Each structure stands twice: as C-alpha cells, then as structure tokens.
Amino acid sequence: MAEEKWDSHAEYKRRLEARLAEAARLESLHRRTGNVRLAVAGVGLVMAWRALGVQAMAWYWLLLPLAAFVWLGSYHERVIAGRRRALRAAAFYQRAIDRLEGNWVGLGEPGERFRNPHHPFAEDLDLFGRGSLFDMICSTRTRAGEERLARWLLEPATPEEIRARQEAIEELRQEIDLREKMALMGEDVRLGVHPEALAAWGQAPPLLDSTALRVLCAVSAALNVAAAFAAYHWGSAAVLLPSLALSTAIGFYTRERVREVIADVEIPAHDLALLRDILLCVEQQKFQTAKLTGLRAALEIEGHPPSRRIARLNRLVEMLDSRDNVAVRIIGPPLLWSTQLALAVEAWRKANGREVRRWLEAIGEVEALCSLAAYAYAHPNDVFPEIVPGPPRFEAEAIAHPMLVESKAVRNDLRLGPDLKLLVVSGSNMSGKSTLLRTVGVNAVLAMAGAPVRAARLRMSPLCIGASIRVMDSLQDGSSRFYAEITRLRQIVELASGGAPLVFLLDELLHGTNSRDRRIGAEAVVKALVQRGAIGLITTHDLALAHIADMLAPAAANVHFEDHLENGRITFDYKLRPGIATKSNALELMRSVGLEV
C-alpha cells in the first residue's frame, strides 16, 4: 500500500477550527459594531436637537454623525457577510470530516434525477440516490457540474481521457482553497441555474439584429436631445415635433420585439450572474496540466474572460430595470431607452450567446474534477489505476469497497484476465459475495471515470460493465423479478457482443426459477459471455452451480467466503479463499432471529 502522504482528517479539523474561530471573532465584532452604531445614532439625535431644536449649533455639524452612521452601516454589512462566509466554510469542512468518518449519507447531492433502472449497472452498483456513490463524492455547486460528474460515472472514458483526468485530479488534489471558494458560492447557484435553458437562450437567433436600426435609434435620440436644446434656446416646442415623431415611430415599430427581448433576458441574466463568481474562481486559478489549462483557455473569447462579459450583460439588465424610475419614465421614450438597451442585449447575445454552452461545459468539467480531487485528497492511500491496452483484464491487490469506512473495510486480491476469465464465488448468506461484486464494479466505475480507486494496486484494461445484482420486479412494466433478470442478462450478453471489452457481475444467477432450469440457464449464459471474450464474477449459495468453473476450466475457478459459529453467533471475516464453500448458515440465521427451526 502506498505510504500516506498527508493527514486529510487533521487538515480538515485545523481548517474547521480556524473558520469557527473567525466566525466567533466576527460575531463579537458584529455586536460591538451594532452598539457603536446605536451610540452614533444617539449622538446624532442629541446634535439634531441642539442644532434644530434649541439652535445651539450649526446644522452642518449633523453631517458628521450621519456620515459615520452610513459608513458603519456599510462596515457592519461586510462583517455580517464575513461571518456568514466563515460559518459556511466551517460547514464545508464539517461535511468533509463527516465523510471521512463514514457519516456522509445525505450530505451530498443524491442525483435522483440520474437514476435509470434500465441502465446496465447504475442501480446495481448504487451510483445514484441517497447513500450512493454520487451522494458520497459529489461536491459540485452547479447542475452542469452534477450532470458532467454523473455522465462520467455512467459512460467509461477512453484511456487517453482517463490519463488526462488523472493528471488534472492529481494537480487539484491539494487545492483545498479553490474547493472552499467554490463551495461558498451558495445553494442559489445549484437551484437557480438551469444549463439547458440557459444554453438554448444563448443559441437562439436574435430577435433584434440590425446595425441600421441601432444607428437609427442613436441618431433619433441625439436629434431629440438637440431639438430639446433648440426648443429651450428659441422658446418654441414646435422644433421637437419632427424628431419626436421619428422616435415614436421607431418605438411603435419595435415595441413587441423589445418586450420579448426584455422578458427573455431576465432569467438567463440572473443565471449568468450566479455563475459569474464560479467563473471568476476558475479564471483566477493558475493551472499546469494540459486538461485544466485547456479548460481555462476555453472560457475566454479573444482574450476577454467570461466574468467581464457577463458583467456587461448585468449592467445592461440593471439599466433596463431602471425604466421604472420616474426620471427614466420621462426621458426614456425620446431617448428610446428600452429599445436601445434591448438592441444592446441582442448584440451581446449575438457576440457571446453561442459561448454560453462552452462556459457551462467548462465549469461542469472543472467542478467534476474538483469533486474527484476532493475524494482523492480525503483518501491519500487510494491509487490511480493503470489502464493498459490488450485483452480484458482486472488485476487488483488489496481492493475494497470505496463506500465503506476505510479503516473497517476488508481487502482482497482478485485477478481476472486472458487466462482466468471467470470466478464463481460461493458462500453462505451475508458472507460478502454481493459486496465483492459491488467492490469490483464501483472501483471499475471510478477507474473509468479517471478517479483513484480503493486498492493498493489496480491494473485493468478499458472495460464496460454489465451487472445483475439488484434487479427488481416492476408493477408498472408488468414484469416479474425473473423476467426482469433475464431481460438484464440479454442486455449484458448483447454488450459482450458489441465489441467493447466487458466485465460482468452476476449475483445469485437465475435464482428465481427451479434448480434444473437454473443450472442449465446459468451454464448457457456464462458460457456465452466467456466465449464472447468477457470476464467477470458470478455468485451463488447453490453449490450445484459451482461446477460451472469445472466446466470452463482452466478459464474459470471457484472461490468462496467462510463464516464461523462462535458462542452461538455467526461471524464473518470477508476474506476470499480458493475453492468451493462447504457449509451453509441459513438455518443458523433463521434460529438467530427467533424462528423455530
């Protein structure tokens, strides 16, 4: 096992205590500042009475307490905001500690919207939902980040992409400050930004796209200003009529499209404003690896970062919002205020709109990499797998399930490859058979996503996964559990025939039918998979199926888990051993729960 390079728990604890201390300091400053503001207000009232009541002092002395009160108010707001940031940072580190201690269920985003019972392995390996792998590792702040991380877990990457992600994760592993800054963006970013709707707005054709119209509006507004000065100078309003008629005609001609532009831009501008701080975090970060520098470069257009471009759109929208101001209501129509701003918004969309999707994709990818980097930092003993070309193989030393507490997980060695394509895992109930399948599957998912794995060493070829571990009946689909299982098996066999190397994980194969049909069916399915070049594991507590390994020897072997009866209690060591299990614990388990057997 690799030597531990750092103590992530100690570092998180140190940072938690520092943020709590900062929050306590700012809480004390908050109370003191509030008291000073009250004192200044009291002094101001006394001075107002002396200046305006008894006229013992000049009124302009009141400007001093007024200025002090305003400045203290601004300072007080900064103190309160700083305290909130410190408390949120403390919560961020507390969640990190909880994850290390195994108390992570429900802390992250469960990713319920990514669940798909028809996916060949997602439900079987607990990738999504409460208590899932996604729940454990996801720390993204945007829906774009969540979607990118989910896609990486569901879709194996190419070897070149895996190596690029590994390098990027290694660079980001120690960047705790960057992850803290991104974590402080707040829930508004996750809940408020809808990537597809935002990207669709950016790519939609402009509603007002005319250089001539922009020039005409500017000329009309200038004519109205000039005519107003002339009318004031000559003392006649008649000179205003021609220019006002022109601006009125333009306003009437563009009215409907202007309203549509203003209505359409409100939500995208709000979403982009929420993304601006995250973009700024990425823009300010200096990266070294090719993948991260490429993502950083993808954000800029002609050397201008997106945060600056988004700030311009925000200013335009703020100016549009000011049209409810009384002064703007008066001067707005002759200046074509709304029309010119709508044209400017559409010009912004024409110049930047198609880049919005690229910004979202870059943010999503950086966030997904940061999530995996946080996982890598929290588990310094986990290693990056070696992805090798050639026939299917999965060779692991001291492998364990990543979702178990590291100090309690039992590790096993496991080897599958060109010479040994199948392991038949037998053992009694609760001995660890299903957990072994999930251990192989979840580590393969992490490996193909570019993340570290829970093993001392893992050498594997690029693999796709097919699993039948948690196949359920469906009342909605009108299918029994057995029918759902054979449908999944057909899907897995088709995957093995598809050309991509496959690792299959089959738990209690065909246990929903009688022993004879089960034996014949299991033999046929496993033989078909092995003949198609797939590698994998099947589990069984029916020792009649253990002969499958003999039938396919030397390409298959039997392994098993054992249990022990000690002082009337069944114990398990979860260590994988060669050969077939020789005993069952079903009757003892039935007696242990009070059944009279």
# chains A, B, ... in the order shown; residues from 1 in each chain; ligands from 1
call {"tool": "closest_atom_pairs", "arguments": {"of": "range 285-396 of chain A", "to": "range 434-449 of chain A", "cutoff": "12 Å", "atoms": "only C-alpha atoms", "output": "tab-separated table"}}
result
residue	atom	partner	partner_atom	distance
A:Glu365	CA	A:Ala449	CA	11.9
A:Ala368	CA	A:Ala449	CA	10.1
A:Leu369	CA	A:Ala449	CA	9.9
A:Ser371	CA	A:Ala449	CA	11.8
A:Leu372	CA	A:Leu446	CA	9.1
A:Tyr375	CA	A:Leu446	CA	10.8
A:Ala376	CA	A:Leu446	CA	11.0
A:Asp382	CA	A:Asn443	CA	10.6
A:Val383	CA	A:Ala447	CA	9.7
A:Phe384	CA	A:Ala447	CA	7.3
A:Pro385	CA	A:Ala447	CA	6.1
A:Glu386	CA	A:Ala447	CA	8.7
A:Ile387	CA	A:Ala447	CA	8.4
A:Val388	CA	A:Met448	CA	11.8
A:Arg393	CA	A:Ala444	CA	11.1
A:Phe394	CA	A:Ala444	CA	8.6
A:Glu395	CA	A:Val440	CA	10.1
A:Ala396	CA	A:Val440	CA	9.0
call {"tool": "residues_around", "arguments": {"residues": "range 262-269 of chain A", "least_positions_apart": "3", "cutoff": "12 Å", "atoms": "only C-alpha atoms", "output": "PDB file with N, CA and C atoms, in the first residue's frame"}}
result
ATOM      1  N   GLY A 192     -30.691  27.712  -8.878  1.00  0.00           N
ATOM      2  CA  GLY A 192     -31.140  28.774  -9.766  1.00  0.00           C
ATOM      3  C   GLY A 192     -30.739  28.628 -11.214  1.00  0.00           C
ATOM      4  N   VAL A 193     -29.656  27.886 -11.486  1.00  0.00           N
ATOM      5  CA  VAL A 193     -29.133  27.830 -12.842  1.00  0.00           C
ATOM      6  C   VAL A 193     -29.615  26.562 -13.543  1.00  0.00           C
ATOM      7  N   HIS A 194     -30.221  26.745 -14.716  1.00  0.00           N
ATOM      8  CA  HIS A 194     -30.715  25.617 -15.500  1.00  0.00           C
ATOM      9  C   HIS A 194     -29.926  25.588 -16.808  1.00  0.00           C
ATOM     10  N   PRO A 195     -28.934  24.708 -16.896  1.00  0.00           N
ATOM     11  CA  PRO A 195     -27.973  24.755 -18.002  1.00  0.00           C
ATOM     12  C   PRO A 195     -28.600  24.694 -19.382  1.00  0.00           C
ATOM     13  N   GLU A 196     -29.530  23.781 -19.607  1.00  0.00           N
ATOM     14  CA  GLU A 196     -30.080  23.611 -20.949  1.00  0.00           C
ATOM     15  C   GLU A 196     -30.869  24.844 -21.388  1.00  0.00           C
ATOM     16  N   ALA A 197     -31.686  25.380 -20.478  1.00  0.00           N
ATOM     17  CA  ALA A 197     -32.467  26.575 -20.820  1.00  0.00           C
ATOM     18  C   ALA A 197     -31.538  27.762 -21.088  1.00  0.00           C
ATOM     19  N   LEU A 198     -30.474  27.866 -20.288  1.00  0.00           N
ATOM     20  CA  LEU A 198     -29.524  28.967 -20.467  1.00  0.00           C
ATOM     21  C   LEU A 198     -28.784  28.841 -21.793  1.00  0.00           C
ATOM     22  N   ALA A 199     -28.325  27.628 -22.103  1.00  0.00           N
ATOM     23  CA  ALA A 199     -27.618  27.411 -23.363  1.00  0.00           C
ATOM     24  C   ALA A 199     -28.550  27.627 -24.558  1.00  0.00           C
ATOM     25  N   ALA A 200     -29.819  27.205 -24.426  1.00  0.00           N
ATOM     26  CA  ALA A 200     -30.781  27.389 -25.515  1.00  0.00           C
ATOM     27  C   ALA A 200     -31.021  28.872 -25.774  1.00  0.00           C
ATOM     28  N   TRP A 201     -31.116  29.683 -24.707  1.00  0.00           N
ATOM     29  CA  TRP A 201     -31.275  31.128 -24.896  1.00  0.00           C
ATOM     30  C   TRP A 201     -30.072  31.701 -25.635  1.00  0.00           C
ATOM     31  N   GLY A 202     -28.883  31.252 -25.254  1.00  0.00           N
ATOM     32  CA  GLY A 202     -27.684  31.779 -25.892  1.00  0.00           C
ATOM     33  C   GLY A 202     -27.604  31.443 -27.376  1.00  0.00           C
ATOM     34  N   GLN A 203     -28.119  30.264 -27.751  1.00  0.00           N
ATOM     35  CA  GLN A 203     -28.002  29.821 -29.135  1.00  0.00           C
ATOM     36  C   GLN A 203     -29.191  30.241 -30.008  1.00  0.00           C
ATOM     37  N   ALA A 204     -30.237  30.762 -29.401  1.00  0.00           N
ATOM     38  CA  ALA A 204     -31.415  31.160 -30.173  1.00  0.00           C
ATOM     39  C   ALA A 204     -31.076  32.354 -31.066  1.00  0.00           C
ATOM     40  N   PRO A 206     -31.184  35.992 -32.668  1.00  0.00           N
ATOM     41  CA  PRO A 206     -31.571  37.287 -32.073  1.00  0.00           C
ATOM     42  C   PRO A 206     -32.936  37.753 -32.572  1.00  0.00           C
ATOM     43  N   LEU A 207     -33.675  38.393 -31.692  1.00  0.00           N
ATOM     44  CA  LEU A 207     -34.985  38.949 -32.059  1.00  0.00           C
ATOM     45  C   LEU A 207     -34.844  40.331 -32.687  1.00  0.00           C
ATOM     46  N   LEU A 208     -33.778  41.032 -32.312  1.00  0.00           N
ATOM     47  CA  LEU A 208     -33.481  42.356 -32.883  1.00  0.00           C
ATOM     48  C   LEU A 208     -32.023  42.336 -33.318  1.00  0.00           C
ATOM     49  N   ARG A 255     -41.850  47.758 -30.663  1.00  0.00           N
ATOM     50  CA  ARG A 255     -42.395  47.572 -29.317  1.00  0.00           C
ATOM     51  C   ARG A 255     -42.512  46.102 -28.924  1.00  0.00           C
ATOM     52  N   GLU A 256     -43.149  45.277 -29.753  1.00  0.00           N
ATOM     53  CA  GLU A 256     -43.390  43.883 -29.386  1.00  0.00           C
ATOM     54  C   GLU A 256     -42.090  43.106 -29.228  1.00  0.00           C
ATOM     55  N   ARG A 257     -41.153  43.315 -30.163  1.00  0.00           N
ATOM     56  CA  ARG A 257     -39.883  42.582 -30.064  1.00  0.00           C
ATOM     57  C   ARG A 257     -39.059  43.046 -28.867  1.00  0.00           C
ATOM     58  N   VAL A 258     -39.126  44.330 -28.552  1.00  0.00           N
ATOM     59  CA  VAL A 258     -38.411  44.836 -27.369  1.00  0.00           C
ATOM     60  C   VAL A 258     -38.953  44.182 -26.104  1.00  0.00           C
ATOM     61  N   ARG A 259     -40.288  44.105 -26.009  1.00  0.00           N
ATOM     62  CA  ARG A 259     -40.885  43.447 -24.839  1.00  0.00           C
ATOM     63  C   ARG A 259     -40.440  41.996 -24.738  1.00  0.00           C
ATOM     64  N   LEU A 272     -26.643  33.717 -15.319  1.00  0.00           N
ATOM     65  CA  LEU A 272     -25.244  34.053 -15.615  1.00  0.00           C
ATOM     66  C   LEU A 272     -24.603  34.825 -14.472  1.00  0.00           C
ATOM     67  N   ALA A 273     -25.380  35.671 -13.807  1.00  0.00           N
ATOM     68  CA  ALA A 273     -24.853  36.403 -12.648  1.00  0.00           C
ATOM     69  C   ALA A 273     -24.460  35.439 -11.532  1.00  0.00           C
ATOM     70  N   LEU A 274     -25.267  34.383 -11.338  1.00  0.00           N
ATOM     71  CA  LEU A 274     -24.932  33.384 -10.331  1.00  0.00           C
ATOM     72  C   LEU A 274     -23.664  32.620 -10.709  1.00  0.00           C
ATOM     73  N   LEU A 275     -23.461  32.392 -12.004  1.00  0.00           N
ATOM     74  CA  LEU A 275     -22.286  31.652 -12.460  1.00  0.00           C
ATOM     75  C   LEU A 275     -21.019  32.494 -12.454  1.00  0.00           C
ATOM     76  N   ARG A 276     -21.187  33.800 -12.420  1.00  0.00           N
ATOM     77  CA  ARG A 276     -20.034  34.683 -12.595  1.00  0.00           C
ATOM     78  C   ARG A 276     -18.959  34.445 -11.543  1.00  0.00           C
ATOM     79  N   ARG A 309     -17.478  39.712 -19.493  1.00  0.00           N
ATOM     80  CA  ARG A 309     -18.559  39.791 -20.465  1.00  0.00           C
ATOM     81  C   ARG A 309     -19.928  39.709 -19.775  1.00  0.00           C
ATOM     82  N   ILE A 310     -20.008  38.820 -18.775  1.00  0.00           N
ATOM     83  CA  ILE A 310     -21.266  38.693 -18.026  1.00  0.00           C
ATOM     84  C   ILE A 310     -21.552  39.973 -17.252  1.00  0.00           C
ATOM     85  N   ALA A 311     -20.508  40.623 -16.733  1.00  0.00           N
ATOM     86  CA  ALA A 311     -20.702  41.883 -16.005  1.00  0.00           C
ATOM     87  C   ALA A 311     -21.330  42.935 -16.921  1.00  0.00           C
ATOM     88  N   ARG A 312     -20.936  42.931 -18.195  1.00  0.00           N
ATOM     89  CA  ARG A 312     -21.541  43.891 -19.130  1.00  0.00           C
ATOM     90  C   ARG A 312     -23.022  43.598 -19.313  1.00  0.00           C
ATOM     91  N   LEU A 313     -23.384  42.324 -19.461  1.00  0.00           N
ATOM     92  CA  LEU A 313     -24.806  41.985 -19.598  1.00  0.00           C
ATOM     93  C   LEU A 313     -25.570  42.387 -18.339  1.00  0.00           C
ATOM     94  N   ASN A 314     -24.965  42.179 -17.173  1.00  0.00           N
ATOM     95  CA  ASN A 314     -25.625  42.577 -15.921  1.00  0.00           C
ATOM     96  C   ASN A 314     -25.900  44.074 -15.890  1.00  0.00           C
ATOM     97  N   ARG A 315     -24.940  44.861 -16.361  1.00  0.00           N
ATOM     98  CA  ARG A 315     -25.148  46.322 -16.387  1.00  0.00           C
ATOM     99  C   ARG A 315     -26.305  46.684 -17.315  1.00  0.00           C
ATOM    100  N   LEU A 316     -26.381  46.015 -18.459  1.00  0.00           N
ATOM    101  CA  LEU A 316     -27.476  46.288 -19.384  1.00  0.00           C
ATOM    102  C   LEU A 316     -28.826  45.953 -18.758  1.00  0.00           C
ATOM    103  N   VAL A 317     -28.898  44.829 -18.056  1.00  0.00           N
ATOM    104  CA  VAL A 317     -30.162  44.428 -17.432  1.00  0.00           C
ATOM    105  C   VAL A 317     -30.518  45.376 -16.292  1.00  0.00           C
ATOM    106  N   GLU A 318     -29.511  45.806 -15.515  1.00  0.00           N
ATOM    107  CA  GLU A 318     -29.772  46.782 -14.454  1.00  0.00           C
ATOM    108  C   GLU A 318     -30.320  48.083 -15.034  1.00  0.00           C
ATOM    109  N   MET A 319     -29.779  48.512 -16.167  1.00  0.00           N
ATOM    110  CA  MET A 319     -30.290  49.730 -16.818  1.00  0.00           C
ATOM    111  C   MET A 319     -31.708  49.516 -17.329  1.00  0.00           C
ATOM    112  N   LEU A 320     -31.994  48.297 -17.815  1.00  0.00           N
ATOM    113  CA  LEU A 320     -33.365  48.001 -18.226  1.00  0.00           C
ATOM    114  C   LEU A 320     -34.314  48.058 -17.031  1.00  0.00           C
ATOM    115  N   ASP A 321     -33.869  47.559 -15.889  1.00  0.00           N
ATOM    116  CA  ASP A 321     -34.707  47.574 -14.687  1.00  0.00           C
ATOM    117  C   ASP A 321     -34.996  48.998 -14.212  1.00  0.00           C
ATOM    118  N   ARG A 323     -36.006  51.390 -15.856  1.00  0.00           N
ATOM    119  CA  ARG A 323     -37.049  52.100 -16.620  1.00  0.00           C
ATOM    120  C   ARG A 323     -38.292  52.367 -15.773  1.00  0.00           C
ATOM    121  N   SER A 338     -35.465  51.847 -23.695  1.00  0.00           N
ATOM    122  CA  SER A 338     -35.688  50.396 -23.713  1.00  0.00           C
ATOM    123  C   SER A 338     -35.266  49.777 -25.036  1.00  0.00           C
ATOM    124  N   THR A 339     -35.565  50.471 -26.138  1.00  0.00           N
ATOM    125  CA  THR A 339     -35.227  49.934 -27.462  1.00  0.00           C
ATOM    126  C   THR A 339     -33.721  49.811 -27.628  1.00  0.00           C
ATOM    127  N   GLN A 340     -32.987  50.847 -27.257  1.00  0.00           N
ATOM    128  CA  GLN A 340     -31.535  50.800 -27.411  1.00  0.00           C
ATOM    129  C   GLN A 340     -30.907  49.743 -26.505  1.00  0.00           C
ATOM    130  N   LEU A 341     -31.428  49.584 -25.291  1.00  0.00           N
ATOM    131  CA  LEU A 341     -30.882  48.568 -24.386  1.00  0.00           C
ATOM    132  C   LEU A 341     -31.228  47.163 -24.878  1.00  0.00           C
ATOM    133  N   ALA A 342     -32.441  46.989 -25.415  1.00  0.00           N
ATOM    134  CA  ALA A 342     -32.807  45.682 -25.979  1.00  0.00           C
ATOM    135  C   ALA A 342     -31.900  45.339 -27.154  1.00  0.00           C
ATOM    136  N   LEU A 343     -31.597  46.323 -27.991  1.00  0.00           N
ATOM    137  CA  LEU A 343     -30.669  46.104 -29.100  1.00  0.00           C
ATOM    138  C   LEU A 343     -29.277  45.745 -28.581  1.00  0.00           C
ATOM    139  N   ALA A 344     -28.848  46.392 -27.487  1.00  0.00           N
ATOM    140  CA  ALA A 344     -27.534  46.087 -26.909  1.00  0.00           C
ATOM    141  C   ALA A 344     -27.512  44.669 -26.328  1.00  0.00           C
ATOM    142  N   VAL A 345     -28.620  44.255 -25.686  1.00  0.00           N
ATOM    143  CA  VAL A 345     -28.710  42.891 -25.158  1.00  0.00           C
ATOM    144  C   VAL A 345     -28.609  41.870 -26.288  1.00  0.00           C
ATOM    145  N   GLU A 346     -29.328  42.128 -27.385  1.00  0.00           N
ATOM    146  CA  GLU A 346     -29.289  41.201 -28.509  1.00  0.00           C
ATOM    147  C   GLU A 346     -27.911  41.192 -29.167  1.00  0.00           C
ATOM    148  N   TRP A 348     -25.174  41.633 -27.497  1.00  0.00           N
ATOM    149  CA  TRP A 348     -24.382  40.807 -26.561  1.00  0.00           C
ATOM    150  C   TRP A 348     -24.630  39.330 -26.833  1.00  0.00           C
ATOM    151  N   ARG A 349     -25.893  38.982 -27.026  1.00  0.00           N
ATOM    152  CA  ARG A 349     -26.212  37.569 -27.267  1.00  0.00           C
ATOM    153  C   ARG A 349     -25.600  37.093 -28.586  1.00  0.00           C
ATOM    154  N   GLY A 353     -23.558  34.607 -27.066  1.00  0.00           N
ATOM    155  CA  GLY A 353     -24.560  33.587 -26.743  1.00  0.00           C
ATOM    156  C   GLY A 353     -24.115  32.168 -27.026  1.00  0.00           C
ATOM    157  N   VAL A 356     -22.025  30.472 -24.344  1.00  0.00           N
ATOM    158  CA  VAL A 356     -22.588  30.144 -23.028  1.00  0.00           C
ATOM    159  C   VAL A 356     -22.517  28.642 -22.769  1.00  0.00           C
TER     160      VAL A 356
END
call {"tool": "select_by_dssp", "arguments": {"residues": "range 311-361 of chain A", "states": "alpha helix (DSSP H)", "output": "count of residues only"}}
result
43
call {"tool": "atom_distance", "arguments": {"atom1": "CA of Lys5 in chain A", "atom2": "CA of Asn381 in chain A"}}
result
8.1 Å
call {"tool": "residues_around", "arguments": {"residues": "Gly499 in chain A", "least_positions_apart": "5", "cutoff": "12 Å", "atoms": "only C-alpha atoms", "output": "list in words"}}
result
Pro391, Pro392, Pro462, Leu463, Cys464, Val493, Glu494, Arg532, Gly533 and Ala534 of chain A
call {"tool": "residues_around", "arguments": {"residues": "Asp413 in chain A", "least_positions_apart": "5", "cutoff": "7 Å", "atoms": "only C-alpha atoms", "output": "list in words"}}
result
Ala396, Glu397, Ala398 and Ile399 of chain A
call {"tool": "decode", "arguments": {"residues": "range 50-80 of chain A", "atoms": "N, CA and C atoms", "output": "CSV table (one decimal), in the first residue's frame"}}
result
chain,number,residue,atom,x,y,z
A,50,ARG,N,-29.9,69.9,19.4
A,50,ARG,CA,-29.2,71.1,19.7
A,50,ARG,C,-29.2,72.0,18.4
A,51,ALA,N,-29.1,71.4,17.2
A,51,ALA,CA,-29.0,72.2,16.0
A,51,ALA,C,-30.4,72.7,15.6
A,52,LEU,N,-31.4,71.9,15.6
A,52,LEU,CA,-32.7,72.2,15.1
A,52,LEU,C,-33.7,72.6,16.1
A,53,GLY,N,-33.4,72.2,17.3
A,53,GLY,CA,-34.4,72.5,18.4
A,53,GLY,C,-34.1,73.8,19.1
A,54,VAL,N,-32.9,73.8,19.8
A,54,VAL,CA,-32.5,75.0,20.6
A,54,VAL,C,-31.6,75.9,19.8
A,55,GLN,N,-31.2,75.4,18.6
A,55,GLN,CA,-30.3,76.1,17.7
A,55,GLN,C,-29.0,76.6,18.4
A,56,ALA,N,-28.4,75.6,19.1
A,56,ALA,CA,-27.2,75.9,19.8
A,56,ALA,C,-25.9,75.6,19.0
A,57,MET,N,-26.1,75.0,17.8
A,57,MET,CA,-25.0,74.7,16.9
A,57,MET,C,-25.5,74.7,15.5
A,58,ALA,N,-24.5,74.8,14.5
A,58,ALA,CA,-24.9,74.9,13.1
A,58,ALA,C,-25.4,73.6,12.6
A,59,TRP,N,-26.3,73.6,11.7
A,59,TRP,CA,-26.9,72.3,11.2
A,59,TRP,C,-25.9,71.4,10.5
A,60,TYR,N,-24.9,72.0,9.8
A,60,TYR,CA,-24.0,71.2,9.0
A,60,TYR,C,-23.2,70.2,9.9
A,61,TRP,N,-23.1,70.5,11.2
A,61,TRP,CA,-22.4,69.5,12.1
A,61,TRP,C,-23.1,68.2,12.1
A,62,LEU,N,-24.4,68.2,11.7
A,62,LEU,CA,-25.1,66.9,11.7
A,62,LEU,C,-24.6,65.9,10.6
A,63,LEU,N,-23.8,66.5,9.6
A,63,LEU,CA,-23.3,65.6,8.6
A,63,LEU,C,-22.2,64.6,9.2
A,64,LEU,N,-21.6,65.0,10.2
A,64,LEU,CA,-20.6,64.1,10.8
A,64,LEU,C,-21.2,62.8,11.4
A,65,PRO,N,-22.2,62.9,12.3
A,65,PRO,CA,-22.7,61.6,12.7
A,65,PRO,C,-23.5,60.9,11.6
A,66,LEU,N,-24.1,61.6,10.6
A,66,LEU,CA,-24.7,61.0,9.5
A,66,LEU,C,-23.8,60.2,8.7
A,67,ALA,N,-22.6,60.8,8.4
A,67,ALA,CA,-21.6,60.1,7.6
A,67,ALA,C,-21.1,58.9,8.3
A,68,ALA,N,-20.8,59.1,9.7
A,68,ALA,CA,-20.3,58.0,10.5
A,68,ALA,C,-21.3,56.8,10.5
A,69,PHE,N,-22.6,57.2,10.6
A,69,PHE,CA,-23.7,56.1,10.7
A,69,PHE,C,-23.7,55.4,9.4
A,70,VAL,N,-23.7,56.1,8.3
A,70,VAL,CA,-23.7,55.4,7.0
A,70,VAL,C,-22.5,54.5,6.8
A,71,TRP,N,-21.3,55.0,7.1
A,71,TRP,CA,-20.1,54.2,6.9
A,71,TRP,C,-20.1,53.0,7.8
A,72,LEU,N,-20.6,53.1,9.1
A,72,LEU,CA,-20.7,52.0,10.0
A,72,LEU,C,-21.7,51.0,9.5
A,73,GLY,N,-22.8,51.4,8.8
A,73,GLY,CA,-23.7,50.5,8.3
A,73,GLY,C,-23.1,49.6,7.2
A,74,SER,N,-22.3,50.3,6.3
A,74,SER,CA,-21.7,49.5,5.3
A,74,SER,C,-20.7,48.5,5.8
A,75,TYR,N,-19.9,49.0,6.8
A,75,TYR,CA,-18.9,48.1,7.5
A,75,TYR,C,-19.6,47.0,8.2
A,76,HIS,N,-20.7,47.3,8.8
A,76,HIS,CA,-21.5,46.2,9.6
A,76,HIS,C,-22.0,45.1,8.6
A,77,GLU,N,-22.4,45.6,7.4
A,77,GLU,CA,-22.9,44.6,6.4
A,77,GLU,C,-21.7,43.7,6.0
A,78,ARG,N,-20.5,44.3,5.8
A,78,ARG,CA,-19.4,43.4,5.5
A,78,ARG,C,-19.0,42.5,6.6
A,79,VAL,N,-19.1,42.9,7.8
A,79,VAL,CA,-18.8,42.0,8.9
A,79,VAL,C,-19.8,40.8,9.0
A,80,ILE,N,-21.1,41.1,8.8
A,80,ILE,CA,-22.1,40.1,8.8
A,80,ILE,C,-21.9,39.1,7.6
